[in-house]
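So this block is work.tsv, TSV, C-alpha atoms:
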chain	number	residue	atom	x	y	z
D	1	MET	CA	-23.44	-3.88	-8.79
D	2	ILE	CA	-23.09	-0.48	-10.42
D	3	GLY	CA	-26.03	1.85	-9.97
D	4	THR	CA	-26.94	5.18	-11.50
D	5	ALA	CA	-27.46	7.34	-8.40
D	6	ASP	CA	-24.90	10.02	-7.59
D	7	PRO	CA	-22.64	8.70	-4.82
D	8	LEU	CA	-21.84	12.25	-3.70
D	9	ARG	CA	-24.21	14.46	-1.77
D	10	PRO	CA	-25.34	17.72	-3.41
D	11	ALA	CA	-22.71	20.42	-3.26
D	12	GLY	CA	-23.03	22.93	-0.46
D	13	GLY	CA	-23.42	26.54	-1.46
D	14	GLY	CA	-22.96	29.98	-0.03
D	15	VAL	CA	-20.14	31.75	1.71
D	16	LYS	CA	-19.30	28.86	4.06
D	17	ALA	CA	-18.66	26.44	1.22
D	18	ARG	CA	-16.54	28.96	-0.67
D	19	LEU	CA	-14.52	29.75	2.46
D	20	THR	CA	-13.96	26.03	3.09
D	21	ASP	CA	-12.73	25.50	-0.47
D	22	TRP	CA	-10.46	28.54	-0.18
D	23	ALA	CA	-9.04	27.35	3.15
D	24	LEU	CA	-8.26	23.90	1.76
D	25	GLY	CA	-6.48	25.55	-1.15
D	26	GLN	CA	-4.35	27.59	1.25
D	27	ALA	CA	-3.39	24.60	3.42
D	28	PRO	CA	0.06	24.02	1.85
D	29	LEU	CA	1.07	27.65	2.47
D	30	ALA	CA	-0.37	27.61	5.99
D	31	PHE	CA	1.48	24.40	6.83
D	32	ARG	CA	4.71	25.83	5.45
D	33	VAL	CA	4.46	28.90	7.67
D	34	LEU	CA	3.46	26.90	10.74
D	35	ARG	CA	6.34	24.46	10.35
D	36	GLU	CA	8.71	27.42	10.68
D	37	VAL	CA	7.09	29.70	13.23
D	38	TRP	CA	4.64	27.61	15.30
D	39	PRO	CA	5.11	23.89	14.61
D	40	ILE	CA	2.56	22.66	17.15
D	41	PRO	CA	-0.18	25.30	17.46
D	42	ARG	CA	-2.59	24.70	20.35
D	43	GLY	CA	-5.78	26.23	21.65
D	44	ARG	CA	-9.40	25.51	22.63
D	45	GLY	CA	-8.75	21.85	23.32
D	46	MET	CA	-7.04	21.24	19.97
D	47	ALA	CA	-3.51	20.88	18.66
D	48	LEU	CA	-2.04	20.60	15.17
D	49	VAL	CA	1.22	18.76	14.45
D	50	THR	CA	3.05	19.96	11.34
D	51	ARG	CA	6.68	18.74	11.29
D	52	HIS	CA	7.66	15.39	9.86
D	53	ASP	CA	9.42	14.04	12.97
D	54	ASP	CA	6.55	15.05	15.26
D	55	VAL	CA	3.91	13.59	12.96
D	56	ARG	CA	5.67	10.23	12.89
D	57	ASP	CA	6.15	10.39	16.66
D	58	VAL	CA	2.45	10.95	17.33
D	59	PHE	CA	1.45	8.14	14.95
D	60	LEU	CA	3.77	5.76	16.80
D	61	ARG	CA	2.65	6.69	20.34
D	62	ASP	CA	-0.60	4.77	20.58
D	63	ALA	CA	-0.46	4.78	24.38
D	64	ASP	CA	-0.59	8.60	24.34
D	65	PHE	CA	-2.63	9.38	21.24
D	66	GLY	CA	-5.65	7.22	20.56
D	67	VAL	CA	-7.87	6.89	17.52
D	68	THR	CA	-11.13	8.83	17.51
D	69	TYR	CA	-13.37	6.68	15.35
D	70	ARG	CA	-15.28	4.60	17.90
D	71	GLU	CA	-18.40	6.75	18.32
D	72	LYS	CA	-19.26	6.91	14.63
D	73	LEU	CA	-18.22	3.31	14.07
D	74	ASP	CA	-20.80	2.29	16.66
D	75	VAL	CA	-23.46	3.97	14.52
D	76	ILE	CA	-22.29	2.21	11.37
D	77	MET	CA	-21.65	-1.19	12.96
D	78	GLY	CA	-24.66	-1.20	15.27
D	79	GLY	CA	-22.43	-1.26	18.34
D	80	GLU	CA	-20.31	-4.24	17.24
D	81	PRO	CA	-16.65	-3.44	17.97
D	82	PHE	CA	-14.35	-2.97	14.98
D	83	PHE	CA	-10.59	-2.66	15.21
D	84	LEU	CA	-10.45	0.79	13.60
D	85	GLY	CA	-11.96	2.19	16.79
D	86	MET	CA	-9.88	0.14	19.23
D	87	PRO	CA	-6.79	1.16	21.16
D	88	ASP	CA	-3.65	-0.90	20.82
D	89	GLY	CA	-3.75	-4.16	22.72
D	90	GLU	CA	-4.41	-7.85	22.40
D	91	THR	CA	-8.03	-7.39	21.28
D	92	TYR	CA	-7.01	-4.97	18.55
D	93	ARG	CA	-4.23	-7.19	17.25
D	94	GLN	CA	-6.41	-10.31	17.30
D	95	ALA	CA	-9.13	-8.53	15.34
D	96	VAL	CA	-6.70	-7.27	12.70
D	97	GLY	CA	-5.05	-10.68	12.50
D	98	ALA	CA	-8.37	-12.43	12.03
D	99	LEU	CA	-9.42	-10.23	9.11
D	100	ARG	CA	-5.95	-10.58	7.60
D	101	LEU	CA	-6.50	-14.36	7.39
D	102	ALA	CA	-9.36	-13.64	4.98
D	103	VAL	CA	-7.56	-10.79	3.18
D	104	PRO	CA	-3.98	-12.05	2.85
D	105	HIS	CA	-1.24	-10.00	1.21
D	106	GLU	CA	-0.69	-12.77	-1.34
D	107	ASP	CA	-4.00	-11.87	-2.96
D	108	ILE	CA	-2.65	-8.50	-4.05
D	109	PRO	CA	-0.31	-9.69	-6.81
D	110	ALA	CA	-2.22	-12.90	-7.49
D	111	ARG	CA	-5.78	-11.56	-7.78
D	112	LEU	CA	-6.30	-7.88	-7.18
D	113	ALA	CA	-3.56	-6.38	-9.34
D	114	PRO	CA	-4.49	-8.43	-12.45
D	115	ALA	CA	-8.20	-7.67	-11.97
D	116	PHE	CA	-7.66	-3.92	-11.57
D	117	GLU	CA	-5.32	-3.75	-14.53
D	118	ARG	CA	-7.67	-5.74	-16.77
D	119	ARG	CA	-10.81	-3.79	-15.85
D	120	ALA	CA	-9.10	-0.41	-16.13
D	121	GLU	CA	-7.79	-1.38	-19.57
D	122	GLU	CA	-11.26	-2.49	-20.66
D	123	ALA	CA	-12.85	0.76	-19.44
D	124	VAL	CA	-10.31	2.92	-21.25
D	125	ARG	CA	-10.29	0.84	-24.42
D	126	GLY	CA	-14.05	1.08	-24.68
D	127	ALA	CA	-14.22	4.83	-24.07
D	128	GLY	CA	-13.35	5.97	-27.58
D	129	GLY	CA	-10.53	8.35	-26.74
D	130	ARG	CA	-12.36	10.34	-24.06
D	131	ILE	CA	-13.35	9.35	-20.51
D	132	GLU	CA	-14.62	10.85	-17.27
D	133	VAL	CA	-12.04	9.65	-14.76
D	134	VAL	CA	-13.78	9.86	-11.37
D	135	ASP	CA	-16.90	7.82	-11.97
D	136	ALA	CA	-16.62	6.11	-15.36
D	137	LEU	CA	-13.12	4.81	-14.67
D	138	VAL	CA	-11.99	4.79	-11.05
D	139	ARG	CA	-15.24	4.39	-9.12
D	140	ARG	CA	-16.64	1.84	-11.55
D	141	VAL	CA	-13.54	-0.34	-11.60
D	142	SER	CA	-12.85	-0.06	-7.86
D	143	PHE	CA	-16.33	-1.02	-6.76
D	144	GLU	CA	-16.67	-3.84	-9.30
D	145	VAL	CA	-13.35	-5.45	-8.47
D	146	LEU	CA	-13.35	-4.97	-4.71
D	147	LEU	CA	-16.98	-5.89	-4.07
D	148	GLY	CA	-16.50	-9.04	-6.14
D	149	TYR	CA	-13.37	-9.87	-4.17
D	150	PHE	CA	-15.15	-9.24	-0.86
D	151	GLY	CA	-18.10	-11.41	-1.93
D	152	VAL	CA	-20.59	-8.60	-1.31
D	153	ALA	CA	-23.32	-8.66	-3.94
D	154	ALA	CA	-25.58	-5.72	-4.73
D	155	PRO	CA	-28.58	-5.17	-2.44
D	156	ALA	CA	-32.08	-5.18	-3.89
D	157	ASN	CA	-33.00	-1.97	-2.08
D	158	GLY	CA	-30.03	0.33	-2.63
D	159	ASP	CA	-26.75	1.20	-4.32
D	160	LEU	CA	-23.55	0.12	-2.57
D	161	ARG	CA	-21.62	2.97	-4.18
D	162	VAL	CA	-23.94	5.44	-2.47
D	163	TRP	CA	-24.13	3.56	0.81
D	164	ALA	CA	-20.37	3.12	1.10
D	165	THR	CA	-19.55	6.71	0.10
D	166	ARG	CA	-22.07	8.22	2.53
D	167	LEU	CA	-20.77	6.09	5.38
D	168	PHE	CA	-17.16	6.92	4.46
D	169	GLU	CA	-18.02	10.63	4.54
D	170	PHE	CA	-19.76	10.25	7.90
D	171	GLN	CA	-16.82	8.37	9.40
D	172	PHE	CA	-13.89	10.33	7.99
D	173	ALA	CA	-15.04	13.63	6.48
D	174	ASP	CA	-17.82	15.00	8.70
D	175	PRO	CA	-16.10	17.14	11.33
D	176	GLY	CA	-19.18	19.31	11.76
D	177	ASP	CA	-21.56	16.39	12.39
D	178	ASP	CA	-23.94	17.40	9.60
D	179	PRO	CA	-27.47	16.44	10.73
D	180	ALA	CA	-28.61	15.82	7.14
D	181	LEU	CA	-25.80	13.33	6.63
D	182	ARG	CA	-26.56	11.69	9.97
D	183	ALA	CA	-30.18	11.22	8.90
D	184	GLU	CA	-29.00	9.39	5.78
D	185	VAL	CA	-26.58	7.28	7.79
D	186	ASP	CA	-29.31	6.29	10.25
D	187	ASP	CA	-31.24	4.89	7.26
D	188	ILE	CA	-28.29	3.37	5.33
D	189	ALA	CA	-26.32	1.72	8.14
D	190	PRO	CA	-29.04	-0.70	9.35
D	191	ARG	CA	-29.90	-1.58	5.76
D	192	LEU	CA	-26.27	-2.40	5.03
D	193	ARG	CA	-26.01	-4.50	8.19
D	194	ALA	CA	-29.18	-6.39	7.24
D	195	HIS	CA	-27.87	-6.92	3.71
D	196	ILE	CA	-24.59	-8.38	4.95
D	197	ASP	CA	-26.42	-10.57	7.47
D	198	GLY	CA	-28.53	-11.89	4.62
D	199	LEU	CA	-25.47	-12.65	2.50
D	200	ILE	CA	-23.87	-14.53	5.40
D	201	ARG	CA	-27.04	-16.56	5.96
D	202	ASP	CA	-27.59	-17.31	2.27
D	203	ARG	CA	-24.01	-18.32	1.63
D	204	ARG	CA	-23.95	-20.62	4.65
D	205	GLU	CA	-27.24	-22.25	3.65
D	206	ALA	CA	-25.92	-22.75	0.13
D	207	GLY	CA	-22.82	-24.44	1.51
D	208	GLN	CA	-20.52	-21.81	0.01
D	209	GLY	CA	-18.18	-21.42	2.96
D	210	GLY	CA	-14.74	-21.77	1.47
D	211	SER	CA	-15.61	-19.98	-1.78
D	212	ASP	CA	-12.64	-18.00	-2.95
D	213	ASP	CA	-13.73	-14.57	-1.80
D	214	VAL	CA	-13.47	-12.86	1.56
D	215	LEU	CA	-16.95	-13.82	2.74
D	216	GLY	CA	-16.43	-17.45	1.74
D	217	ARG	CA	-13.10	-17.56	3.54
D	218	CYS	CA	-14.65	-16.06	6.67
D	219	LEU	CA	-17.33	-18.74	6.69
D	220	ALA	CA	-14.71	-21.46	6.23
D	221	LEU	CA	-12.67	-20.05	9.11
D	222	GLN	CA	-15.82	-19.89	11.21
D	223	ALA	CA	-16.59	-23.53	10.45
D	224	ALA	CA	-13.03	-24.45	11.41
D	225	GLY	CA	-13.55	-22.86	14.82
D	226	LYS	CA	-11.11	-19.97	14.36
D	227	PRO	CA	-11.72	-17.10	16.82
D	228	GLY	CA	-12.86	-13.77	15.44
D	229	PHE	CA	-15.41	-15.14	12.97
D	230	ALA	CA	-18.77	-15.02	14.70
D	231	ASP	CA	-21.48	-13.77	12.36
D	232	ALA	CA	-21.43	-10.27	13.87
D	233	GLN	CA	-17.65	-10.11	13.51
D	234	ILE	CA	-17.82	-11.23	9.87
D	235	ARG	CA	-20.48	-8.61	9.23
D	236	SER	CA	-18.44	-5.81	10.79
D	237	GLY	CA	-15.30	-6.88	8.95
D	238	LEU	CA	-17.10	-6.82	5.60
D	239	ILE	CA	-18.71	-3.46	6.35
D	240	GLY	CA	-15.31	-2.07	7.30
D	241	LEU	CA	-13.86	-3.26	4.00
D	242	VAL	CA	-16.75	-1.91	1.93
D	243	VAL	CA	-16.81	1.49	3.66
D	244	GLY	CA	-13.06	1.94	4.02
D	245	GLY	CA	-11.99	0.55	0.65
D	246	PRO	CA	-13.62	1.47	-2.68
D	247	PRO	CA	-14.72	5.02	-1.70
D	248	GLN	CA	-11.06	6.04	-1.25
D	249	GLN	CA	-9.86	5.36	-4.75
D	250	PRO	CA	-12.19	7.78	-6.61
D	251	MET	CA	-10.86	10.47	-4.26
D	252	ILE	CA	-7.15	9.70	-4.58
D	253	VAL	CA	-6.58	8.72	-8.21
D	254	PRO	CA	-8.22	11.71	-9.96
D	255	GLN	CA	-6.36	14.07	-7.62
D	256	ALA	CA	-3.08	12.41	-8.56
D	257	LEU	CA	-3.87	12.65	-12.26
D	258	GLU	CA	-4.74	16.34	-11.87
D	259	GLN	CA	-1.33	16.94	-10.30
D	260	LEU	CA	0.38	15.17	-13.19
D	261	LEU	CA	-1.61	17.19	-15.72
D	262	ARG	CA	-0.39	20.38	-14.05
D	263	ARG	CA	3.24	19.32	-14.58
D	264	PRO	CA	4.03	18.57	-18.23
D	265	ASP	CA	7.48	17.13	-17.50
D	266	ALA	CA	6.13	14.83	-14.80
D	267	LEU	CA	3.28	13.73	-17.06
D	268	ALA	CA	5.70	13.00	-19.88
D	269	GLY	CA	7.78	10.89	-17.50
D	270	ALA	CA	4.72	8.94	-16.35
D	271	VAL	CA	3.66	8.34	-19.96
D	272	ALA	CA	7.14	7.11	-20.88
D	273	ALA	CA	7.20	4.77	-17.87
D	274	ALA	CA	3.79	3.31	-18.73
D	275	ARG	CA	4.77	2.77	-22.37
D	276	ALA	CA	7.98	1.06	-21.25
D	277	GLY	CA	6.03	-1.25	-18.93
D	278	ASP	CA	7.92	0.09	-15.91
D	279	ASP	CA	5.22	-0.35	-13.29
D	280	ALA	CA	7.51	0.71	-10.43
D	281	LEU	CA	8.25	4.03	-12.10
D	282	VAL	CA	4.57	4.56	-12.95
D	283	ALA	CA	3.85	4.03	-9.26
D	284	GLY	CA	6.60	6.48	-8.36
D	285	HIS	CA	4.95	9.17	-10.47
D	286	VAL	CA	1.49	8.47	-9.03
D	287	PHE	CA	2.55	8.49	-5.38
D	288	GLU	CA	4.68	11.57	-5.86
D	289	ALA	CA	1.67	13.29	-7.46
D	290	MET	CA	-0.44	12.25	-4.45
D	291	ARG	CA	2.02	14.01	-2.15
D	292	PHE	CA	0.87	17.36	-3.56
D	293	ASP	CA	-2.83	16.60	-2.92
D	294	PRO	CA	-3.22	13.71	-0.45
D	295	ILE	CA	-6.53	12.20	0.56
D	296	ALA	CA	-6.59	14.30	3.75
D	297	PRO	CA	-4.47	17.16	5.09
D	298	ALA	CA	-4.47	15.66	8.60
D	299	LEU	CA	-5.75	12.67	10.56
D	300	PRO	CA	-7.35	12.95	14.00
D	301	ARG	CA	-6.11	11.52	17.27
D	302	VAL	CA	-6.97	12.28	20.89
D	303	ALA	CA	-4.58	12.57	23.82
D	304	VAL	CA	-5.54	9.80	26.22
D	305	ARG	CA	-3.33	11.18	29.01
D	306	ASP	CA	-1.20	14.23	29.74
D	307	CYS	CA	1.92	14.05	27.58
D	308	THR	CA	4.35	16.14	25.54
D	309	ILE	CA	5.02	16.32	21.82
D	310	ALA	CA	8.64	17.01	20.79
D	311	ALA	CA	9.87	16.69	24.37
D	312	GLY	CA	13.37	17.99	24.89
D	313	THR	CA	13.24	20.43	21.97
D	314	ARG	CA	12.55	24.16	21.80
D	315	ARG	CA	9.15	23.43	20.25
D	316	ALA	CA	8.10	21.02	23.04
D	317	ALA	CA	4.35	21.18	23.49
D	318	PRO	CA	2.59	19.87	26.63
D	319	ILE	CA	-0.73	18.27	25.68
D	320	LYS	CA	-3.52	17.70	28.17
D	321	ALA	CA	-5.60	14.54	28.21
D	322	GLY	CA	-8.66	14.92	26.00
D	323	THR	CA	-7.01	17.29	23.54
D	324	ALA	CA	-7.98	16.69	19.91
D	325	VAL	CA	-4.72	16.31	18.01
D	326	PHE	CA	-4.69	16.73	14.23
D	327	VAL	CA	-1.69	14.98	12.71
D	328	GLY	CA	-0.66	16.86	9.58
D	329	LEU	CA	0.54	14.14	7.24
D	330	ALA	CA	0.20	16.49	4.25
D	331	SER	CA	2.51	18.93	6.01
D	332	ALA	CA	4.95	16.18	7.01
D	333	MET	CA	5.35	15.07	3.40
D	334	ARG	CA	6.54	18.58	2.46
D	335	ASP	CA	8.84	19.18	5.41
D	336	GLY	CA	12.33	19.83	4.07
D	337	ARG	CA	13.91	18.70	7.32
D	338	ARG	CA	13.21	15.10	6.36
D	339	VAL	CA	11.88	15.24	2.78
D	340	SER	CA	14.54	16.04	0.21
D	341	ASP	CA	13.74	19.01	-2.05
D	342	PRO	CA	10.08	18.89	-1.01
D	343	GLU	CA	8.68	21.23	-3.65
D	344	ALA	CA	10.33	19.31	-6.51
D	345	PHE	CA	8.51	16.48	-8.29
D	346	ASP	CA	10.66	13.39	-7.81
D	347	PRO	CA	9.17	10.08	-9.06
D	348	ARG	CA	12.09	8.18	-7.53
D	349	ARG	CA	11.50	9.57	-4.05
D	350	PRO	CA	12.16	6.92	-1.36
D	351	PRO	CA	9.00	5.42	0.16
D	352	HIS	CA	9.86	6.46	3.72
D	353	GLU	CA	9.15	10.08	2.75
D	354	PHE	CA	5.48	9.26	2.10
D	355	MET	CA	2.66	8.92	4.64
D	356	HIS	CA	-0.31	8.67	2.32
D	357	PHE	CA	-2.17	6.09	4.40
D	358	GLY	CA	-1.11	7.12	7.89
D	359	HIS	CA	1.74	5.52	9.75
D	360	GLY	CA	2.38	3.03	12.50
D	361	LEU	CA	-0.03	0.57	14.05
D	362	HIS	CA	-3.21	2.23	12.75
D	363	GLU	CA	-2.03	2.68	9.17
D	364	CYS	CA	-4.89	2.01	6.73
D	365	PHE	CA	-5.70	-1.72	6.61
D	366	ALA	CA	-5.80	-1.56	2.80
D	367	ALA	CA	-2.55	0.41	2.42
D	368	ALA	CA	-0.74	-2.47	0.70
D	369	ILE	CA	-3.64	-2.94	-1.72
D	370	ASN	CA	-3.70	0.76	-2.54
D	371	ARG	CA	0.04	0.93	-3.10
D	372	THR	CA	-0.32	-1.72	-5.79
D	373	VAL	CA	-3.62	-0.95	-7.50
D	374	LEU	CA	-3.82	2.86	-7.55
D	375	PRO	CA	-1.16	3.23	-10.27
D	376	LEU	CA	-2.80	0.46	-12.30
D	377	LEU	CA	-5.99	2.52	-12.56
D	378	LEU	CA	-4.05	5.23	-14.41
D	379	LYS	CA	-1.67	3.01	-16.36
D	380	PRO	CA	-3.95	2.50	-19.44
D	381	LEU	CA	-4.52	6.26	-19.72
D	382	LEU	CA	-0.85	7.06	-19.34
D	383	ARG	CA	0.16	4.45	-21.88
D	384	ARG	CA	-2.07	6.12	-24.45
D	385	GLY	CA	-0.81	9.66	-23.81
D	386	VAL	CA	-3.47	11.24	-21.62
D	387	ARG	CA	-4.29	14.96	-21.86
D	388	ARG	CA	-6.94	17.33	-20.54
D	389	ALA	CA	-10.24	17.71	-22.34
D	390	ASP	CA	-10.89	21.27	-23.51
D	391	GLY	CA	-12.68	23.69	-21.22
D	392	PRO	CA	-13.63	23.50	-17.55
D	393	GLU	CA	-14.44	19.78	-17.63
D	394	GLY	CA	-10.78	19.09	-18.32
D	395	ARG	CA	-9.85	20.32	-14.84
D	396	LEU	CA	-10.61	18.43	-11.68
D	397	ARG	CA	-13.79	19.55	-9.95
D	398	LYS	CA	-14.30	18.64	-6.32
D	399	ARG	CA	-17.35	18.45	-4.11
D	400	GLY	CA	-16.08	19.08	-0.62
D	401	PRO	CA	-13.26	16.59	0.00
D	402	PHE	CA	-14.38	14.32	-2.85
D	403	ALA	CA	-13.21	14.39	-6.46
D	404	GLU	CA	-16.34	14.93	-8.55
D	405	ARG	CA	-15.43	15.13	-12.25
D	406	LEU	CA	-12.40	15.17	-14.54
D	407	VAL	CA	-12.61	14.52	-18.29
D	408	VAL	CA	-9.51	13.57	-20.24
D	409	GLU	CA	-8.70	12.56	-23.78
D	410	PHE	CA	-6.14	10.08	-25.07
D	411	ASP	CA	-4.91	8.38	-28.20
D	412	ARG	CA	-6.91	5.28	-29.09
D	413	ALA	CA	-3.95	3.09	-29.99

Any chance you could put this one into structure tokens?
Amino acid sequence: MIGTADPLRPAGGGVKARLTDWALGQAPLAFRVLREVWPIPRGRGMALVTRHDDVRDVFLRDADFGVTYREKLDVIMGGEPFFLGMPDGETYRQAVGALRLAVPHEDIPARLAPAFERRAEEAVRGAGGRIEVVDALVRRVSFEVLLGYFGVAAPANGDLRVWATRLFEFQFADPGDDPALRAEVDDIAPRLRAHIDGLIRDRREAGQGGSDDVLGRCLALQAAGKPGFADAQIRSGLIGLVVGGPPQQPMIVPQALEQLLRRPDALAGAVAAARAGDDALVAGHVFEAMRFDPIAPALPRVAVRDCTIAAGTRRAAPIKAGTAVFVGLASAMRDGRRVSDPEAFDPRRPPHEFMHFGHGLHECFAAAINRTVLPLLLKPLLRRGVRRADGPEGRLRKRGPFAERLVVEFDRA
């Protein structure tokens, strides 16, 4: 299942790339200023929401602020509807409920957590005191465990790490509609659809409906006559899991580790928690670290009708239908109006102050999985006393929005 091709596209160069990197680095300061002086800046058909209360409000108002993913999902899914691109309603809830039958929450403690912890431990134990975190640890373990759980075997004509990461970038991290990326997607997406169709056909012919993975469960539910499990719906569900799942973790986990490495006291606390077997406190350190460098500074929505954000307040902002609304979850998680001592590192911070995976009805489908398994990917490193490798490779390097490389060292015991 694990290939050798680079899942990330070549780094962009020139002034534009440097300006983009600089702007991302300045986002926390920009958000801090905007929260105070212009909480909902608007112009040219766009609006940005920066305060915690307003961010939560927009996420909860699905009738006013719709998701924006449908157009690109149609490219990936070949026009088959997928719930990520649907507005709230019966069809959306039925689609989510159907996939949840095949991906139940009970699997998280029973199957996924033990598998992630075991494979992360094996990867670290076999690394000889030094490991590259992004690819050799997080990407490898995430793709192996999740693809096995989904029942999606490797294709003969490609690398699922590359396919999934390219499609994730196209769907969630391509605001400029890069034509070179689109050309890759137009090649990858039909090949992935054909691959999944072939897996469905082969598994059915082999009588493997009911096998204990997501594909097998979908086929068993189809055979039982449950709605939502036509072949095209199974295919789209599996593609959604493959594209939306394992590409996230190599972005999030190295960024969290980098934030811990920048804070010696926080790192020492995380190490102590891991050595004490306190998984809840390890998780507290990891999710607090993520707050300082979340997977995205903002998530997109679109106003589906004329409405107002923060109505009845001095910052009330009328929003016209069709306005692109960027919901600043990174800003919300550092808003002192609702987040206690937001610039302090607090591993016991209450969960309601986090919005790592969105909020409300369209929160990430895999949020519960991520909340459990992300800390387990770092636990074996923390337990051994992780530290930076010497030189530039010991500091996180990014390629656009993606973590690219971070080398650390640790005690072998």

Sorted by chain and rising residue number, list the residues of segment 149-220 of chain D at most 12 Å from segment 105-114 of chain D (counting all atoms listed in the file), each with its closest atom pair and distance in Å to one decimal, as a Markdown table.
| residue | atom | partner | partner_atom | distance |
| --- | --- | --- | --- | --- |
| D:Tyr149 | CA | D:Leu112 | CA | 7.9 |
| D:Phe150 | CA | D:Leu112 | CA | 11.0 |
| D:Asp212 | CA | D:Arg111 | CA | 10.6 |
| D:Asp213 | CA | D:Asp107 | CA | 10.2 |
| D:Val214 | CA | D:Asp107 | CA | 10.5 |

Task: Who sits within 9 Å of Ala136 of chain D, only C-alpha atoms, same chain under 5 positions skipped, as a ChimeraX atom specification - done: /D:123,131,141

Residues of segment 173-271 of chain D within 8 Å of segment 62-76 of chain D: nearest atom pair and distance (Å, one decimal) for each, counting only C-alpha atoms, sorted by chain and number, as CSV?
residue,atom,partner,partner_atom,distance
D:Val185,CA,D:Ile76,CA,7.5
D:Asp186,CA,D:Val75,CA,7.6
D:Ala189,CA,D:Ile76,CA,5.2
D:Pro190,CA,D:Ile76,CA,7.6

- [ ] Could you give me, as a PyMOL selection string, the residues within 12 Å of Pro392 of chain D, counting all atoms listed in the file and dropping anything in the same chain fewer than 2 positions from it?
- [x] chain D and resi 388-390+394-397+405-408

Can you pull out the residues contacting Ile252 of chain D? Cut-off 12 Å, using all atoms listed in the file, and skip same-chain residues under 5 positions away; I want them as a PDB file with C-alpha atoms, in the frame of the given file.
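As a result, around.pdb now contains:
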ATOM      1  CA  VAL D 133     -12.040   9.650 -14.760  1.00  0.00           C
ATOM      2  CA  VAL D 134     -13.780   9.860 -11.370  1.00  0.00           C
ATOM      3  CA  VAL D 138     -11.990   4.790 -11.050  1.00  0.00           C
ATOM      4  CA  ARG D 139     -15.240   4.390  -9.120  1.00  0.00           C
ATOM      5  CA  SER D 142     -12.850  -0.060  -7.860  1.00  0.00           C
ATOM      6  CA  GLY D 245     -11.990   0.550   0.650  1.00  0.00           C
ATOM      7  CA  PRO D 246     -13.620   1.470  -2.680  1.00  0.00           C
ATOM      8  CA  PRO D 247     -14.720   5.020  -1.700  1.00  0.00           C
ATOM      9  CA  LEU D 257      -3.870  12.650 -12.260  1.00  0.00           C
ATOM     10  CA  GLU D 258      -4.740  16.340 -11.870  1.00  0.00           C
ATOM     11  CA  GLN D 259      -1.330  16.940 -10.300  1.00  0.00           C
ATOM     12  CA  VAL D 286       1.490   8.470  -9.030  1.00  0.00           C
ATOM     13  CA  PHE D 287       2.550   8.490  -5.380  1.00  0.00           C
ATOM     14  CA  ALA D 289       1.670  13.290  -7.460  1.00  0.00           C
ATOM     15  CA  MET D 290      -0.440  12.250  -4.450  1.00  0.00           C
ATOM     16  CA  ARG D 291       2.020  14.010  -2.150  1.00  0.00           C
ATOM     17  CA  PHE D 292       0.870  17.360  -3.560  1.00  0.00           C
ATOM     18  CA  ASP D 293      -2.830  16.600  -2.920  1.00  0.00           C
ATOM     19  CA  PRO D 294      -3.220  13.710  -0.450  1.00  0.00           C
ATOM     20  CA  ILE D 295      -6.530  12.200   0.560  1.00  0.00           C
ATOM     21  CA  ALA D 296      -6.590  14.300   3.750  1.00  0.00           C
ATOM     22  CA  HIS D 356      -0.310   8.670   2.320  1.00  0.00           C
ATOM     23  CA  PHE D 357      -2.170   6.090   4.400  1.00  0.00           C
ATOM     24  CA  ASN D 370      -3.700   0.760  -2.540  1.00  0.00           C
ATOM     25  CA  ARG D 371       0.040   0.930  -3.100  1.00  0.00           C
ATOM     26  CA  VAL D 373      -3.620  -0.950  -7.500  1.00  0.00           C
ATOM     27  CA  LEU D 374      -3.820   2.860  -7.550  1.00  0.00           C
ATOM     28  CA  PRO D 375      -1.160   3.230 -10.270  1.00  0.00           C
ATOM     29  CA  LEU D 377      -5.990   2.520 -12.560  1.00  0.00           C
ATOM     30  CA  LEU D 378      -4.050   5.230 -14.410  1.00  0.00           C
ATOM     31  CA  LEU D 396     -10.610  18.430 -11.680  1.00  0.00           C
ATOM     32  CA  LYS D 398     -14.300  18.640  -6.320  1.00  0.00           C
ATOM     33  CA  PRO D 401     -13.260  16.590   0.000  1.00  0.00           C
ATOM     34  CA  PHE D 402     -14.380  14.320  -2.850  1.00  0.00           C
ATOM     35  CA  ALA D 403     -13.210  14.390  -6.460  1.00  0.00           C
ATOM     36  CA  GLU D 404     -16.340  14.930  -8.550  1.00  0.00           C
TER      37      GLU D 404
END

TODO: Quick one: pull the distance between atom CA of Cys218 of chain D and atom CA of Gln171 of chain D, Å, one decimal.
DONE: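 Answer for the atom CA of Cys218 of chain D to atom CA of Gln171 of chain D separation: 24.7 Å.
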
Task: Separation of atom CA of Glu288 of chain D from atom CA of Ala344 of chain D in Å - done: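 That distance, rounded to one decimal, is 9.6 Å.
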
- [ ] Extract, using only C-alpha atoms, all DNA, RNA and protein residues at most 10 Å from Arg383 of chain D, discarding same-chain residues fewer than 3 positions from it, and format them as JSON, numbers by chain.
- [x] {"D": [270, 271, 272, 273, 274, 275, 276, 277, 282, 378, 379, 380, 386, 410, 411, 413]}

- [ ] Compile the contact shell of segment 194-196 of chain D as a PyMOL selection string: residues with an atom at most 8 Å away, counting all atoms listed in the file, same-chain residues fewer than 4 positions apart removed.
- [x] chain D and resi 152+155+190+200+235+238-239

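The shortest atom-to-atom distance to Arg93 of chain D, with only C-alpha atoms taken into account, belongs to D:Gly228 out of D:Pro250, D:Gly78, D:Gly216, D:Gly228.
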
- [ ] Quick one: pull the distance between atom CA of Asp278 of chain D and atom CA of Leu382 of chain D, Å, one decimal.
- [x]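 Between these atoms lies a distance of 11.7 Å.
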
- [ ] Between D:Val55, D:Met77, D:Leu99, D:Leu241, single out the one closest to Leu147 of chain D, counting all atoms listed in the file.
- [x]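 Counting all atoms listed in the file, the residue closest to Leu147 of chain D is D:Leu241.
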